[in-house]
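So the structure is just underneath, and the comments pick up after that.
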Amino acid sequence: MREAYYPQEIEKKWQKIWDDTKAFKTYDDSEKPKYYALSMWPYPSGKLHMGHVRNYTITDVIARFKKANGFNVLHPIGWDSFGLPAENAAMQNKADPAAWTDENIAYMTKQMKMLGLSYDWDREITACKPDYYKWTQWLFLQFYKKGLAYKKEAAVNWCEECATVLANEQVIDGKCWRCENLVEKKYLSQWFLKITDYAEALLEDLDKLTGWGDNVKTMQANWIGKSHGAVLKFKTAEQDIEIPVYTTRPDTAFGITYLVVAPEYKDIELLTTDENKAAVEEYRANARKMTEIERLSTERTKTGVPLGTHAVNPFTGEKFPLWTADYALAEYGTGAVMAVPAHDTRDYEFAIKYNLPIKEVIAPSSLQPCGRSEAYAEPGIMVNSGKFNGMPNEDAKKAITEAAVNGGFGEFKTQYRLRDWLISRQRYWGAPIPIVYCEKCGIVPEENLPVLLPEDVNFETTGVSPVLTSKTFINTVCPCCGGPAKRETDTMDTFVCSSWYYLRFADPKNSEKPFDREIVNKWLPVDQYVGGIEHAILHLLYSRFFTKALRDMGLLDFDEPFANLLTQGMVLKDGSKMSKSKGNTVDPDEIFENYGADTARLFILSDSPPARDFDWSDAGVEGCYKFLNRVWKLIASNADKINLSTALPPGSLAKENDDLVRMVHMTIKGVTNDIACGFQFNTVISKYRELTNAVYDRRNAKTDLNEEDKAVLGFAIVSLIKLMAPVVPHLCEEVWRELGGGGSIHDQKWPEYDENLAKTSSITLVVQINGKIKDKIDVDEALTEEELKQIALNSPKIKEQTAGMEAVKIIVVPKKLVNIVVK
RNA sequence: GCCCUGAUGGCGGAAUCGGUAGACGCGUUGGACUUAAAAUCCAAUUGCUUUCAGGAGCAGUGCCAGUUCAAGUCUGGCUCAGGGCACCA
């Protein structure tokens, strides 16, 4: 074995061999239990960044660990390759988005192979290839047939920069998720998926996801936004028009002093008097012009105008005025709000500004009656509420709603904040929506799939989709009547493609259907999913929705796609996120070139637990490189002494009591537990270092080795490289073969430990006085409690410090400590 | 405003059940090797006080209380930081 460690040479050699021999190919037919490890598939943006390196390394180590532990592991990769960057690149470089994408995929594939990732490349899938998007389109049609895909005219989020609409989930703080441009409202006819049908299931099943972090689950629960309340129906005094209102505070119904409808409310024109018409129209026109962010800003003082008409409170018969104000949202509840300024901060602010009456109906307690200079939103006792007076307001919520139900003017209602998923995009580089518009037949699904993207398009258009420039795509014949018809020119949101890709990996080559039900049932759910927290709502919610909908269509038999989710932290440099604009990026290629992939893998896992942010430091990389050199040298300089045939398994070593043998058992136990319980790779790596240090100490201490010493050394070294193999696959493979190991180290079984040997031979007894540590004594672990007590009491230090004092109580924790309580 | 997560040396972070706080590494300092440097190896490294140079003592895990023989760990109340949601009635 050569003395010096040449990672680049070793890595290149093994990567080629693994590739040529398809070392990580997964077969469906195996006796072993299945394990599906998956990283979120990347967008082929050009080059891997360190976030990718971290993500894929984590999943790769898990996959290799599970394989060594006897699982049939599925560890695939693919490309989320539809999306705007390819189209933007096409506009700038006059390149074909397909060619640009292919180039990027080729480069990133090369980088992934350089990182030594154990993917089954035969299962690679690519969202923008017709053999994949054909099935995205097919699934869309299944949603359409089930009434889960529909077209409607609605106020939608429009990004001028990207020249397309966006889903609610893609609007972050009123800005576009991709380009951070301010989002505007537009009224357009668009395709939606009916995710709201699954609001309750998506919320309820969060409890089943015991392998997900609470942070992600609460984010989803907040996004779904379930609330319990009532719909109360009001009639107008002037025209007898019904205005239903959703409220979570029916207990405050006696305190209503006005009613607000959203500027987009459907009956608003009927509700406006002629005198008020001009002012209302002007207000509505202004509201339309405002961007989402302006309108939703809580900083902004509330505005509104009266409609001139009135509604009647069915509980009291009181008349109160109708207003329109943009703090009422058309898309939530019924689009109308009953205003109780005494008990709602927003209504209070509005009432003060426009001098509307404030009527208190809940007092903090019977001792502390009303009279406040702000809205009182806390629980209390009902007042000014007729027969409900004196009741705790929480009870009155139910009682008043029941009264409304009995009176025929109300009902209990559960409301969700979640809205339907807008999937139309006025862009080229996406899966075309397979729909045809026929003058005779109306909306007709196109069953002849795939509907291919046209190639005769001009990307130098502004403001409209390049698809519209095609001369061949738009005009077609109706699949129903054969008459002239036009194709839908919108494409699907890329998140549709990524909502089912994890299913396709189970059956990637199927040309008859998106996936075979049996095969998918066998491999899914994904046992371990790894990716960034930024998808906590978007991709993870959509995928859960897809899985549930596909189950209801009978295409599969499970209802959650990802059993365990690990959201990895960001990779930082100098305390902030790596970004090109800050100039603090680290190029993976440079790290591979200078140190090799094994060092990169080791370092990215070594310093922080996977869920936490990771601060990149050049010194840390150096440290990992030095460690690998140390391991290499340790083995190279002892290669002649290590004989794999004498590197015996546990139980067969004569020197079982040897401290180094015990250390090896402890390390196997520790590493195994640290990976199995929460993937704590940082402590796993510290255990590699401890064992390495211990082997060095042993070798330094003894130069004249007998056969037994060699066996111990061999056992320690072989165990070390087996434990390190998932993290540092190239070095360990090379060393394994150099030492004469048969086959690949990555086909070896995970080392086992003996529980009796996985601890030190003696223990340190801690002696405390009143809970403060006063002495530490090495003792045999077999001693009884009474013996430990005597040893503690006989310690000279303890005698000295307890002289003249009385021991009130002595607590003995077996094998650990003695605490003497004195007065 | 509501929700989630976190706070431990100069730094990243360890510490199964409440039972030796600071594993492992980075950095720093000192030393060995070298003509020299790099590399490598060895040692020290929470703070303060004290010392006869072997050590000894005290304090210490964001803050304030509490439970306990014993609290980084459990309970209550805060502070700060990061993230999510937000005129959602």
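Ordering of the structure tokens sets the chain letters (A, B, ...), residue numbers begin anew at 1 in every chain, and ligands are numbered from 1 in the order given.
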Could you give me, as a tab-separated table, a per-residue list for chain B showing, wherever an atom lies at most 10 Å from an atom of chain A, the closest pair of atoms and their distance in Å to one decimal, using only C-alpha atoms (C1' of nucleotides) and sorting by chain then residue number from low to high?
residue	atom	partner	partner_atom	distance
B:C2	C1'	A:Asn222	CA	10.0
B:C3	C1'	A:Thr218	CA	7.3
B:C4	C1'	A:Asn215	CA	5.1
B:U5	C1'	A:Asn215	CA	7.2
B:G6	C1'	A:Arg612	CA	9.9
B:G12	C1'	A:Asp607	CA	5.6
B:G13	C1'	A:Ser608	CA	6.7
B:A14	C1'	A:Thr683	CA	7.5
B:U16	C1'	A:Asn673	CA	9.8
B:G19	C1'	A:Leu817	CA	7.0
B:U20	C1'	A:Val766	CA	6.5
B:A23	C1'	A:Ser686	CA	8.1
B:C24	C1'	A:Ser686	CA	4.4
B:G25	C1'	A:Ser686	CA	7.6
B:C26	C1'	A:Gly620	CA	6.1
B:G27	C1'	A:Ala619	CA	8.9
B:U40	C1'	A:Arg630	CA	9.8
B:C69	C1'	A:Val821	CA	6.2
B:A70	C1'	A:Gly771	CA	5.1
B:G83	C1'	A:Asn215	CA	9.2
B:G84	C1'	A:Met219	CA	6.1
B:C85	C1'	A:Asn222	CA	6.5
B:A86	C1'	A:Thr298	CA	8.7
B:C87	C1'	A:Tyr327	CA	5.0
B:C88	C1'	A:Arg417	CA	6.1
B:A89	C1'	A:Thr247	CA	5.7
I need the residues from that last selection saved to file as a CSV table (one decimal), in the first residue's frame (with C-alpha atoms (C1' of nucleotides)), if you can.
chain,number,residue,atom,x,y,z
B,2,C,C1',-50.2,34.4,17.0
B,3,C,C1',-47.3,29.9,16.2
B,4,C,C1',-42.5,27.1,16.0
B,5,U,C1',-37.3,26.6,17.0
B,6,G,C1',-33.2,27.8,19.6
B,12,G,C1',-18.7,24.6,15.6
B,13,G,C1',-20.7,21.6,18.9
B,14,A,C1',-20.9,16.9,23.0
B,16,U,C1',-29.6,7.9,26.5
B,19,G,C1',-26.3,11.7,38.5
B,20,U,C1',-18.4,13.6,36.5
B,23,A,C1',-16.6,14.7,24.3
B,24,C,C1',-14.7,15.5,19.2
B,25,G,C1',-12.9,19.2,16.2
B,26,C,C1',-11.4,24.3,14.8
B,27,G,C1',-8.6,28.3,16.6
B,40,U,C1',3.9,15.8,11.0
B,69,C,C1',-30.1,14.4,48.0
B,70,A,C1',-28.8,16.1,43.0
B,83,G,C1',-37.9,31.1,11.2
B,84,G,C1',-43.2,30.7,9.8
B,85,C,C1',-48.2,33.0,9.6
B,86,A,C1',-50.9,37.3,9.7
B,87,C,C1',-56.8,43.0,8.5
B,88,C,C1',-58.5,35.0,7.7
B,89,A,C1',-63.5,38.1,10.9
Worksheet item: Can you list every residue in segment 367-501 of chain A that DSSP puts in alpha helix (DSSP H), as a PyMOL selection string?
Response: chain A and resi 393-406+494-497+501
Fill in: Counting only C-alpha atoms, the option among A:Ile433, A:Val361, A:Met492, A:Ala287 closest to Thr164 of chain A
A:Met492
Worksheet item: Near G9 of chain B, within 9 Å and counting only C-alpha atoms (C1' of nucleotides), which residues show up once chain neighbours fewer than 3 positions away are dropped, as an NGL selection string?
Response: :B and (22 or 46-47)
Worksheet entry | For Asp589 of chain A: contacts at 9 Å, only C-alpha atoms (C1' of nucleotides), fewer than 2 positions along chain excluded, given as a PyMOL selection string | chain A and resi 48+111+114+586-587+591-594
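The space separating atom CA of Thr599 of chain A from atom CA of Leu628 of chain A comes to 7.3 Å.
Atom to atom, atom CA of Phe192 of chain A and atom CA of Met91 of chain A stand 28.2 Å apart.
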Worksheet item: Of the candidates A:Glu781, A:Asp527, A:Glu560, A:Glu124, which one gets nearest to Glu204 of chain A if we count only C-alpha atoms?
Response: A:Glu560
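Put simply, atom CA of Glu752 of chain A is 10.1 Å away from atom CA of Asn69 of chain A.
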